[in-house]
Every structure is written in structure tokens, then in C-alpha cells.
$ cat entry.pdb   # PDB, C-alpha atoms, pLDDT in the B column
ATOM      1  CA  MET A   1       0.000   0.000   0.000  1.00 87.00           C
ATOM      2  CA  ARG A   2       1.537   3.271  -1.136  1.00 92.00           C
ATOM      3  CA  ILE A   3       0.666   6.565   0.576  1.00 93.00           C
ATOM      4  CA  LYS A   4       1.251  10.156  -0.508  1.00 94.00           C
ATOM      5  CA  VAL A   5       3.623  12.182   1.652  1.00 96.00           C
ATOM      6  CA  GLY A   6       4.960  15.706   1.448  1.00 97.00           C
ATOM      7  CA  LEU A   7       8.549  16.815   2.005  1.00 97.00           C
ATOM      8  CA  LYS A   8       8.696  19.869   4.252  1.00 97.00           C
ATOM      9  CA  CYS A   9      11.727  22.151   4.452  1.00 97.00           C
ATOM     10  CA  SER A  10      13.188  22.179   7.967  1.00 96.00           C
ATOM     11  CA  GLU A  11      14.351  25.816   7.659  1.00 95.00           C
ATOM     12  CA  SER A  12      11.508  27.645   5.882  1.00 94.00           C
ATOM     13  CA  GLY A  13       8.613  25.300   6.753  1.00 94.00           C
ATOM     14  CA  ASP A  14       7.348  25.085   3.151  1.00 95.00           C
ATOM     15  CA  ILE A  15       6.146  21.821   1.634  1.00 95.00           C
ATOM     16  CA  ASN A  16       8.090  21.907  -1.633  1.00 95.00           C
ATOM     17  CA  TYR A  17       7.839  18.298  -2.834  1.00 96.00           C
ATOM     18  CA  THR A  18       5.379  15.404  -2.809  1.00 96.00           C
ATOM     19  CA  THR A  19       6.151  11.728  -3.256  1.00 95.00           C
ATOM     20  CA  THR A  20       4.783   8.303  -2.425  1.00 95.00           C
ATOM     21  CA  LYS A  21       6.163   5.606  -0.178  1.00 95.00           C
ATOM     22  CA  ASN A  22       5.326   2.048   0.739  1.00 95.00           C
ATOM     23  CA  SER A  23       4.176   2.265   4.359  1.00 90.00           C
ATOM     24  CA  LYS A  24       4.745  -1.437   5.032  1.00 94.00           C
ATOM     25  CA  THR A  25       8.416  -1.548   4.017  1.00 94.00           C
ATOM     26  CA  GLN A  26       9.433   2.043   4.890  1.00 92.00           C
ATOM     27  CA  THR A  27       8.363   2.483   8.502  1.00 92.00           C
ATOM     28  CA  GLU A  28      10.728   5.364   9.328  1.00 94.00           C
ATOM     29  CA  LYS A  29      10.157   8.912   8.094  1.00 95.00           C
ATOM     30  CA  LEU A  30      11.900  10.088   4.941  1.00 94.00           C
ATOM     31  CA  GLU A  31      14.687  12.655   5.269  1.00 96.00           C
ATOM     32  CA  MET A  32      16.643  13.955   2.307  1.00 96.00           C
ATOM     33  CA  LYS A  33      18.428  17.042   1.081  1.00 97.00           C
ATOM     34  CA  LYS A  34      16.390  18.860  -1.567  1.00 97.00           C
ATOM     35  CA  TYR A  35      16.464  22.312  -3.165  1.00 97.00           C
ATOM     36  CA  SER A  36      14.380  24.998  -1.456  1.00 96.00           C
ATOM     37  CA  PRO A  37      13.316  27.658  -4.010  1.00 95.00           C
ATOM     38  CA  ARG A  38      12.550  30.271  -1.355  1.00 95.00           C
ATOM     39  CA  LEU A  39      15.990  30.016   0.266  1.00 95.00           C
ATOM     40  CA  LYS A  40      17.777  29.229  -3.026  1.00 96.00           C
ATOM     41  CA  LYS A  41      19.886  26.467  -1.492  1.00 97.00           C
ATOM     42  CA  ARG A  42      19.755  22.772  -0.586  1.00 97.00           C
ATOM     43  CA  THR A  43      18.218  22.077   2.815  1.00 97.00           C
ATOM     44  CA  MET A  44      17.055  19.048   4.777  1.00 97.00           C
ATOM     45  CA  HIS A  45      13.451  18.068   3.995  1.00 97.00           C
ATOM     46  CA  LYS A  46      11.423  15.775   6.251  1.00 97.00           C
ATOM     47  CA  GLU A  47       8.272  13.766   5.621  1.00 97.00           C
ATOM     48  CA  VAL A  48       4.842  15.111   6.601  1.00 96.00           C
ATOM     49  CA  LYS A  49       1.367  13.687   5.998  1.00 93.00           C
ATOM     50  CA  LEU A  50      -0.761  15.240   3.258  1.00 91.00           C
ATOM     51  CA  LYS A  51      -4.498  15.784   3.462  1.00 81.00           C
ATOM     52  CA  SER A  52      -6.091  13.448   0.926  1.00 62.00           C
TER      53      SER A  52
END
$ encode --input "entry.pdb" --output "C-alpha cells"
Amino acid sequence: MRIKVGLKCSESGDINYTTTKNSKTQTEKLEMKKYSPRLKKRTMHKEVKLKS
């Protein structure tokens, strides 16, 4: 079962990206470095739930 999740910037608080993940195999939250357009640099983004 795949669920939609958002990736929220840890510095600006914006949700810049959306993706899907398999909730049965990936039990921990996603964390990755992604580009933040507001800050114009790469920052750490963490998983948040999306309203669906």
C-alpha cells in the first residue's frame, strides 16, 4: 500500500515536494536534502502527511 507524503523544508517550513512511499516496508520517516526555491539552497526536507 503506497501513501502520498509531502517533504517539508526544515528551515523555511514550506512543503516543496510530494512523493509516495510504501508504508509497510518504509516504517521510518523520509529525510533527504532537496532544493528549497525560497531560500535558493539545498536544505534538509522531512516527511509530513498530506491531506487526501
$ closest_residue --input "entry.pdb" --among "A:Lys33, A:Met44, A:Lys4, A:Arg38" --to "Lys21 in chain A" --atoms "only C-alpha atoms"
A:Lys4
$ closest_residue --input "entry.pdb" --among "A:Arg2, A:Leu7, A:Gly13, A:Thr18" --to "Leu39 in chain A" --atoms "all atoms listed in the file"
A:Gly13
$ residues_around --input "entry.pdb" --residues "Thr20 in chain A" --least-positions-apart "4" --cutoff "12 Å" --atoms "all atoms listed in the file" --output "PyMOL selection string"
chain A and resi 1-7+26+29-30+47-50
$ atom_distance --input "entry.pdb" --atom1 "CA of Thr27 in chain A" --atom2 "CA of Glu11 in chain A"
24.1 Å
$ residues_around --input "entry.pdb" --residues "Lys8 in chain A" --least-positions-apart "4" --cutoff "6 Å" --atoms "only C-alpha atoms" --output "list in words"
Gly13, Asp14, Ile15, His45 and Lys46 of chain A
$ write_last_selection --input "entry.pdb" --atoms "C-alpha atoms" --output "PDB file, in the coordinates of the input"
ATOM      1  CA  GLY A  13       8.613  25.300   6.753  1.00 94.00           C
ATOM      2  CA  ASP A  14       7.348  25.085   3.151  1.00 95.00           C
ATOM      3  CA  ILE A  15       6.146  21.821   1.634  1.00 95.00           C
ATOM      4  CA  HIS A  45      13.451  18.068   3.995  1.00 97.00           C
ATOM      5  CA  LYS A  46      11.423  15.775   6.251  1.00 97.00           C
TER       6      LYS A  46
END
$ axis_aligned_box --input "entry.pdb" --around "range 37-42 of chain A" --padding-each-side "4 Å" --output "AutoDock Vina command-line options"
--center_x 16.2 --center_y 26.5 --center_z -1.9 --size_x 15.3 --size_y 15.5 --size_z 12.3
$ atom_distance --input "entry.pdb" --atom1 "CA of Pro37 in chain A" --atom2 "CA of Asn16 in chain A"
8.1 Å
$ atom_distance --input "entry.pdb" --atom1 "CA of Thr19 in chain A" --atom2 "CA of Lys40 in chain A"
21.0 Å
$ residues_around --input "entry.pdb" --residues "Arg42 in chain A" --least-positions-apart "4" --cutoff "10 Å" --atoms "all atoms listed in the file" --output "list of chain:residue names"
A:Cys9, A:Met32, A:Lys33, A:Lys34, A:Tyr35, A:Ser36, A:Pro37
